[in-house]
Structures are given as structure tokens and as C-alpha cells.
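Just below is one structure, and these are the notes that go with it.
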Amino acid sequence: MGLESELSLPAHAALVEDLRALRRPGLANVRVLGLPALRAAAETCGLSTGPDDAPAGIENLLRQAVRRLGDQDALGRAAARTYGLVPGLRGATAFERRRAAAEVAGVSTETFRRRQEVQVVNQTAEAVLVLCHEQVRRRNAGAGATSSPAGGTGGTGGAVVPPGPVTVAMGDQRDDDAPPFTVETTVADAPTPFVLHVSPVDLLRDVDVIVSSENVYLEMSKTFWPTLSGTLRRACAVRDASGEIVDDVLVRELNAWVRRFGRPGLPVRPGTVAPTSSGAMAEQGVRRIYHAAVAVPLAGRDGYEVAPANIARAVREAFALARAERAAFDPPLRSICFPLMGSGRGGVSVGSSASWIGWAIHEELTRDPDWTVHLVVRNRATARAIADLPDL
């Protein structure tokens with residue numbers, strides 16, 4: 001049997017159109033509505049087999065999508081009310097559902113209609129797409145598929161590469177869906193081994209501190225986004241027996257830090273690092289999450305800018321914070337793990353991010369070698385771009 005292509009999934013625009021069409025009549029009228037994109041998405045996710053169970057499949061799909069938006073997040077709660085997914089609103093009128101959603105957002109019904117409702121519809125469509133992509137990848141992985149080649153590492157974008165760059169060994173750059181693995185290598189001639197994890201960050205165990213890359217407003221990614229920030233937010237959240245999030249730990253503690261330092265709605269200096277607990281990841285031996293503010297939103301358009309020097313500053317700040325907190329834990333903090341900060345939407349190449357991180361780590365370990373340092377990347381292609389790997 002051939003592999004299922006993600007190119008055949010419903011388009012975001014088509015999902016938005018269906019979600020707009022569903023908003024006024026509501027779930028009670030799904031059977032009489034066309035909604036071809038939502039029906040296709042429900043079938044892709046294995047929630048529906050055809051016209052007869054399409055209404056139940058679409059409702060289940062929307063519940064999963066809204067859960068992705070965050071049960072404790074205002075956007076997720078507003079989406080649940082917009083589509084009547086909470087008790088008492090399933091058969092409510094469109095106006096009653098909109099009013100309930102507006103109350104969550106803390107705005108008037110008319111303001112919600114013109115502003116927040118557009119975001120609710122668009123982000124619900126994004127969450128549906130994420131569910132579809134995940135299902136396709138699971139099925140393809142089960143069929144023995146291998147993923148497509150990852151993107152190249154690119155150049156340094158004109159940045160001055162600091163002394164002591166990492167060793168680069170370019171090999172076959174395919175992510176072969178192999179299980180996570182860990183190797184020891186050296187970065188920037190560090191005096192102690194550098195532990196490289198080729199793994200999703202939420203699978204890490206027994207690392208005292210994990211650093212998350214954030215924007216300068218210290219706003220974490222949504223739980224449904226496949227970013228490192230979103231993955232950590234999801235992994236650290238506390239859930240009840242049914243799997244619902246009951247405590248969005250990292251966001252709650254990060255918001256408290258922002259309020260404590262008088263920065264609500266204001267940016268912090270790039271390179272600032274804010275600590276939180278590790279929430280549910282404490283069960284995996286992770287004790288702290290450090291949130292490094294390195295991404296500066298671009299003025300007037302979508303995207304971020306990350307200055308490589310701010311990556312190095314964040315590494316230094318993370319070590320300084322870890323040293324300050326070290327003795328407060330029993331046993332003391334000894335290990336810290338960094339991602340390739342800025343190499344996603346920040347536009348910094350993998351090689352440049354690794355070089356700046358490696359250089360800053362080298363400087364820190366020269367002064368204080370009593371740390372085990374880790375780096376986490378998602379796939380072998382990225383790992384081969386920044387370190388010599390054994391033939392595994």
C-alpha cells in the first residue's frame with residue numbers, strides 16, 4: 001500500500017470556510033451542512049467513516065482541536081463556546097454562543113465578532129490541520145515510511161562566527177524516523193563531554209534544567225504548535241484522569257514572573273532568562289525550565305528576528321541563574337540542556353546557532369566546569385550538521 005500524502009489534506013482556507021459556515025447554525029445542524037473540508041479532516045483523523053457518522057466525527061474533531069488550543073487558554077475556551085462544545089451551549093443560538101465567548105475574552109459581543117472571533121476560527125483551523133498531519137505521519141510511520149530530507153543548514157547570514165565553532169560532519173541528511181538516541185561529543189573544545197540528544201524535547205529524562213526559546217514578551221507557543229516552546233508547555237502541563245489540562249504550569253508561573261518584574265505587555269531585554277518549575281516533567285527527573293527571551297517580533301509583519309549575540313547572552317544568563325539556584329536543590333543542580341535557539345522562525349541557521357551556543361558554553365565551562373551540558377535536536381540531519389555522529 002502506498003504512503004498517504006499530506007499534500008492531499010484539506011487546505012487551511014477550506015477549513016476556515018467550513019468553520020465560518022458552522023458558527024451560526026451550530027453542531028445541531030451539522031448533518032444538513034456540506035462542510036466538505038471538515039468531513040475530510042474527520043475521516044483523515046479516523047473519527048468518521050462516511051456521511052452517516054460525519055456529525056459525530058466532526059464534533060469529536062472540533063473537541064480535539066479546541067483541546068489543542070488549550071483548555072486553560074482564553075483562545076481555547078472561547079473556541080469551545082463559539083461552537084457549543086461546553087455544557088448548556090450545544091443548542092444555544094449563535095448570539096448566545098458568541099456572547100459566552102466574548103465574556104471569556106473580556107470584550108463586548110461586537111468587539112469579539114470583529115476581532116477575536118476571526119482568530120478563533122483561524123486557530124481552530126490550524127489545530128485541525130495539526131491533528132490531520134499527525135495522523136498521516138503516524139500511519140506512514142506504521143507503514144515503514146521514512147520522512148523526507150530535512151532542510152539544509154544554510155550559511156551564517158553574514159554573522160561573525162565566534163571562535164571555536166563546532167565540528168561539522170555532513171553526511172546523509174535524512175531523518176529516518178529512528179528512535180531517539182544520545183551521543184557524547186565536544187563543542188567548542190569544551191573541557192567536559194557535550195551530551196547530544198537526537199530526540200523530541202518532551203522525551204528527555206534526568207536533566208536538571210531545560211532551556212526553552214521564547215520571544216521577548218515571554219509568551220509561550222500554543223500547546224498545539226510543534227515548536228519546542230509549545231511542546232514543553234504541553235509536556236509540563238498537569239492533566240486530570242481524562243487527559244484534560246487542569247494546570248498550564250509554565251504559562252501560569254511565567255506570567256507570575258512577568259508581573260513580579262513589572263513587565264506585563266512589555267518586552268524584556270533580549271537574552272533575559274526567566275525560571276519556572278517543570279510541572280509534570282518533574283516525574284521524568286526534570287527540575288527546572290528556563291525561558292530564554294531571544295526572539296524579537298518583526299515590526300509590521302509576521303515573524304521574528306534573533307541576533308546571534310543574544311543567543312550567547314541567553315546562554316550566559318542561563319548559567320548564571322543555574323549557579324544561583326544550584327544549592328537550593330537536593331541534590332544540587334548539575335546539568336543543563338539547550339536547544340538550537342533562533343534556528344526555527346528566528347531565521348538563524350543551524351550552524352550559526354550551534355556555533356554561538358558552543359562558544360558561550362565553552363566560556364562558561366572554562367570558568368565553572370562543574371556542569372554537564374546537553375543539546376537537544378529533533379533529527380539526525382540537524383545533529384550531523386553540528387557534530388560528528390557514530391554510524392548508528
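By order of appearance in the C-alpha cells: chains A, B, ..., then residues from 1 within every chain, and ligands from 1 in the order shown.
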
Can you tell me which residues surround Val198 in chain A at a distance of at most 7 Å, considering only C-alpha atoms, apart from same-chain residues fewer than 3 positions away, and format the answer as a PDB file with C-alpha atoms, in the first residue's frame?
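Dumped to result_30.pdb:
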```
ATOM      1  CA  PRO A 180      15.800   8.839  19.939  1.00  0.00           C
ATOM      2  CA  PHE A 181      19.465   8.390  20.786  1.00  0.00           C
ATOM      3  CA  THR A 182      22.178  10.140  22.758  1.00  0.00           C
ATOM      4  CA  VAL A 376      18.699  18.625  22.079  1.00  0.00           C
ATOM      5  CA  VAL A 377      17.808  18.481  18.365  1.00  0.00           C
ATOM      6  CA  ARG A 378      14.858  16.837  16.644  1.00  0.00           C
ATOM      7  CA  ASN A 379      16.507  14.772  13.886  1.00  0.00           C
ATOM      8  CA  ARG A 380      19.723  13.247  12.605  1.00  0.00           C
ATOM      9  CA  ALA A 383      22.642  16.516  14.514  1.00  0.00           C
TER      10      ALA A 383
END
```

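Between CA of Ala101 in chain A and CA of Pro87 in chain A there is a distance of 13.4 Å.
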
(request) as number ranges by chain, list the residues of range 161-323 of chain A assigned to helix (DSSP H, G or I) by DSSP on the backbone atoms of this structure. (result) A: 201-203, 228-236, 249-260, 279-284, 308-323

Put those residues in a file: N, CA and C atoms, as a compact mmCIF listing (two decimals), in the first residue's frame.
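That gives us part.txt:
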```txt
# COMPACT_ATOMS: atom_id res chain seq x y z
N VAL A 201 11.96 17.03 22.66
CA VAL A 201 12.38 17.54 23.96
C VAL A 201 11.55 16.93 25.09
N ASP A 202 10.31 16.56 24.82
CA ASP A 202 9.45 16.04 25.88
C ASP A 202 9.80 14.61 26.30
N LEU A 203 10.74 13.98 25.58
CA LEU A 203 11.18 12.64 25.96
C LEU A 203 12.44 12.66 26.82
N LEU A 228 9.42 23.90 20.06
CA LEU A 228 9.98 23.46 21.33
C LEU A 228 9.22 24.09 22.49
N SER A 229 8.88 25.38 22.38
CA SER A 229 8.14 26.05 23.43
C SER A 229 6.77 25.42 23.63
N GLY A 230 6.05 25.17 22.53
CA GLY A 230 4.74 24.55 22.64
C GLY A 230 4.80 23.14 23.17
N THR A 231 5.83 22.40 22.77
CA THR A 231 5.99 21.02 23.24
C THR A 231 6.26 20.99 24.74
N LEU A 232 7.14 21.87 25.22
CA LEU A 232 7.41 21.91 26.65
C LEU A 232 6.18 22.35 27.44
N ARG A 233 5.45 23.32 26.91
CA ARG A 233 4.24 23.78 27.59
C ARG A 233 3.25 22.61 27.75
N ARG A 234 3.11 21.84 26.69
CA ARG A 234 2.18 20.70 26.70
C ARG A 234 2.69 19.60 27.65
N ALA A 235 3.99 19.33 27.61
CA ALA A 235 4.54 18.24 28.42
C ALA A 235 4.54 18.56 29.90
N CYS A 236 4.67 19.82 30.26
CA CYS A 236 4.75 20.20 31.67
C CYS A 236 3.38 20.47 32.29
N VAL A 249 1.04 24.90 33.78
CA VAL A 249 2.04 25.28 34.78
C VAL A 249 3.01 26.34 34.28
N LEU A 250 3.62 26.11 33.12
CA LEU A 250 4.67 27.02 32.66
C LEU A 250 4.12 28.41 32.38
N VAL A 251 2.96 28.49 31.73
CA VAL A 251 2.37 29.80 31.44
C VAL A 251 1.96 30.51 32.73
N ARG A 252 1.37 29.77 33.65
CA ARG A 252 0.97 30.38 34.92
C ARG A 252 2.18 30.96 35.66
N GLU A 253 3.25 30.20 35.76
CA GLU A 253 4.42 30.67 36.51
C GLU A 253 5.17 31.76 35.75
N LEU A 254 5.20 31.65 34.42
CA LEU A 254 5.88 32.67 33.62
C LEU A 254 5.13 34.00 33.71
N ASN A 255 3.80 33.95 33.68
CA ASN A 255 3.01 35.18 33.84
C ASN A 255 3.24 35.81 35.22
N ALA A 256 3.39 34.97 36.23
CA ALA A 256 3.67 35.50 37.57
C ALA A 256 5.03 36.19 37.60
N TRP A 257 6.02 35.61 36.92
CA TRP A 257 7.35 36.23 36.85
C TRP A 257 7.26 37.58 36.14
N VAL A 258 6.51 37.65 35.05
CA VAL A 258 6.36 38.90 34.30
C VAL A 258 5.70 39.97 35.17
N ARG A 259 4.67 39.59 35.92
CA ARG A 259 4.00 40.56 36.80
C ARG A 259 4.94 41.01 37.92
N ARG A 260 5.71 40.08 38.46
CA ARG A 260 6.59 40.40 39.58
C ARG A 260 7.63 41.45 39.18
N GLY A 279 6.70 21.37 36.24
CA GLY A 279 5.37 20.79 36.19
C GLY A 279 5.41 19.27 36.13
N ALA A 280 4.66 18.73 35.18
CA ALA A 280 4.54 17.27 35.06
C ALA A 280 5.85 16.60 34.67
N MET A 281 6.79 17.36 34.07
CA MET A 281 8.06 16.75 33.68
C MET A 281 8.96 16.46 34.87
N ALA A 282 8.55 16.88 36.07
CA ALA A 282 9.31 16.51 37.26
C ALA A 282 9.33 15.00 37.43
N GLU A 283 8.29 14.33 36.94
CA GLU A 283 8.25 12.87 37.02
C GLU A 283 9.33 12.23 36.15
N GLN A 284 9.88 12.99 35.20
CA GLN A 284 10.95 12.48 34.34
C GLN A 284 12.32 12.93 34.82
N PRO A 308 22.38 36.72 16.81
CA PRO A 308 23.22 35.66 17.38
C PRO A 308 23.87 36.03 18.70
N ALA A 309 24.25 37.30 18.86
CA ALA A 309 24.86 37.70 20.13
C ALA A 309 23.90 37.53 21.30
N ASN A 310 22.59 37.67 21.03
CA ASN A 310 21.61 37.48 22.10
C ASN A 310 21.46 36.01 22.47
N ILE A 311 21.77 35.11 21.54
CA ILE A 311 21.79 33.69 21.87
C ILE A 311 22.89 33.42 22.89
N ALA A 312 24.07 33.98 22.63
CA ALA A 312 25.18 33.81 23.58
C ALA A 312 24.86 34.44 24.92
N ARG A 313 24.20 35.60 24.89
CA ARG A 313 23.83 36.26 26.15
C ARG A 313 22.85 35.38 26.95
N ALA A 314 21.91 34.74 26.25
CA ALA A 314 20.95 33.87 26.93
C ALA A 314 21.65 32.66 27.55
N VAL A 315 22.66 32.12 26.88
CA VAL A 315 23.43 31.00 27.46
C VAL A 315 24.11 31.45 28.75
N ARG A 316 24.73 32.61 28.71
CA ARG A 316 25.40 33.13 29.91
C ARG A 316 24.40 33.35 31.05
N GLU A 317 23.24 33.94 30.71
CA GLU A 317 22.22 34.20 31.72
C GLU A 317 21.69 32.89 32.31
N ALA A 318 21.54 31.88 31.46
CA ALA A 318 21.05 30.58 31.95
C ALA A 318 22.03 29.97 32.93
N PHE A 319 23.32 30.03 32.62
CA PHE A 319 24.32 29.50 33.54
C PHE A 319 24.35 30.30 34.84
N ALA A 320 24.22 31.62 34.74
CA ALA A 320 24.23 32.45 35.94
C ALA A 320 23.05 32.11 36.84
N LEU A 321 21.88 31.91 36.23
CA LEU A 321 20.69 31.57 37.00
C LEU A 321 20.84 30.18 37.62
N ALA A 322 21.39 29.24 36.85
CA ALA A 322 21.58 27.89 37.37
C ALA A 322 22.56 27.88 38.55
N ARG A 323 23.61 28.68 38.46
CA ARG A 323 24.55 28.76 39.58
C ARG A 323 23.87 29.34 40.81
```

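CA of Glu305 in chain A lies 10.5 Å from CA of Gly344 in chain A.
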
Where does range 13-94 of chain A meet range 126-137 of chain A within 8 Å, residue by residue, with the nearest atom pair and distance in Å to one decimal for each, counting only C-alpha atoms, listed by chain and rising number, as a Markdown table?
```
| residue | atom | partner | partner_atom | distance |
| --- | --- | --- | --- | --- |
| A:Ala41 | CA | A:Cys132 | CA | 6.3 |
| A:Thr44 | CA | A:Cys132 | CA | 6.2 |
| A:Cys45 | CA | A:Cys132 | CA | 5.7 |
| A:Leu61 | CA | A:Val128 | CA | 7.2 |
| A:Leu62 | CA | A:Val128 | CA | 7.4 |
| A:Ala65 | CA | A:Ala127 | CA | 5.0 |
| A:Val66 | CA | A:Ala127 | CA | 7.4 |
| A:Arg68 | CA | A:Ala127 | CA | 6.3 |
| A:Leu69 | CA | A:Ala127 | CA | 6.9 |
```

(message) To one decimal place in Å, what is the distance between CA of Pro275 in chain A and CA of Ser213 in chain A?
(response)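 Atom-to-atom, CA of Pro275 in chain A to CA of Ser213 in chain A, that is 12.1 Å.
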
(message) Nearest residue to Val268 in chain A out of A:Val286, A:Val296, A:Gly70, A:Pro10, using only C-alpha atoms?
(response)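 Between A:Val286, A:Val296, A:Gly70, A:Pro10, the residue approaching Val268 in chain A most closely is A:Val296.
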
(request) Could you tell me which of A:Pro36, A:Gly106, A:Pro25, A:Pro200 comes closest to Ala92 in chain A if we count only C-alpha atoms? (result)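 Ranking A:Pro36, A:Gly106, A:Pro25, A:Pro200 by distance to Ala92 in chain A, first place goes to A:Pro25.
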
(request) Have a look at A:Asn215, A:Ser353, A:Ser343, A:Thr366 and name the one nearest to Val294 in chain A; count only C-alpha atoms. (result)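 For Val294 in chain A, the nearest of the given residues is A:Asn215.
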
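Nearest to Thr272 in chain A of all the residues A:Leu15, A:Leu218, A:Ala360, A:Ile289 is A:Leu218, counting only C-alpha atoms.
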
(message) Between A:Gln123, A:Ser48, A:Gln64, A:Val86, which residue has the minimum interatomic distance to Ala13 in chain A, considering only C-alpha atoms?
(response)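 Smallest distance to Ala13 in chain A is found for A:Gln123.
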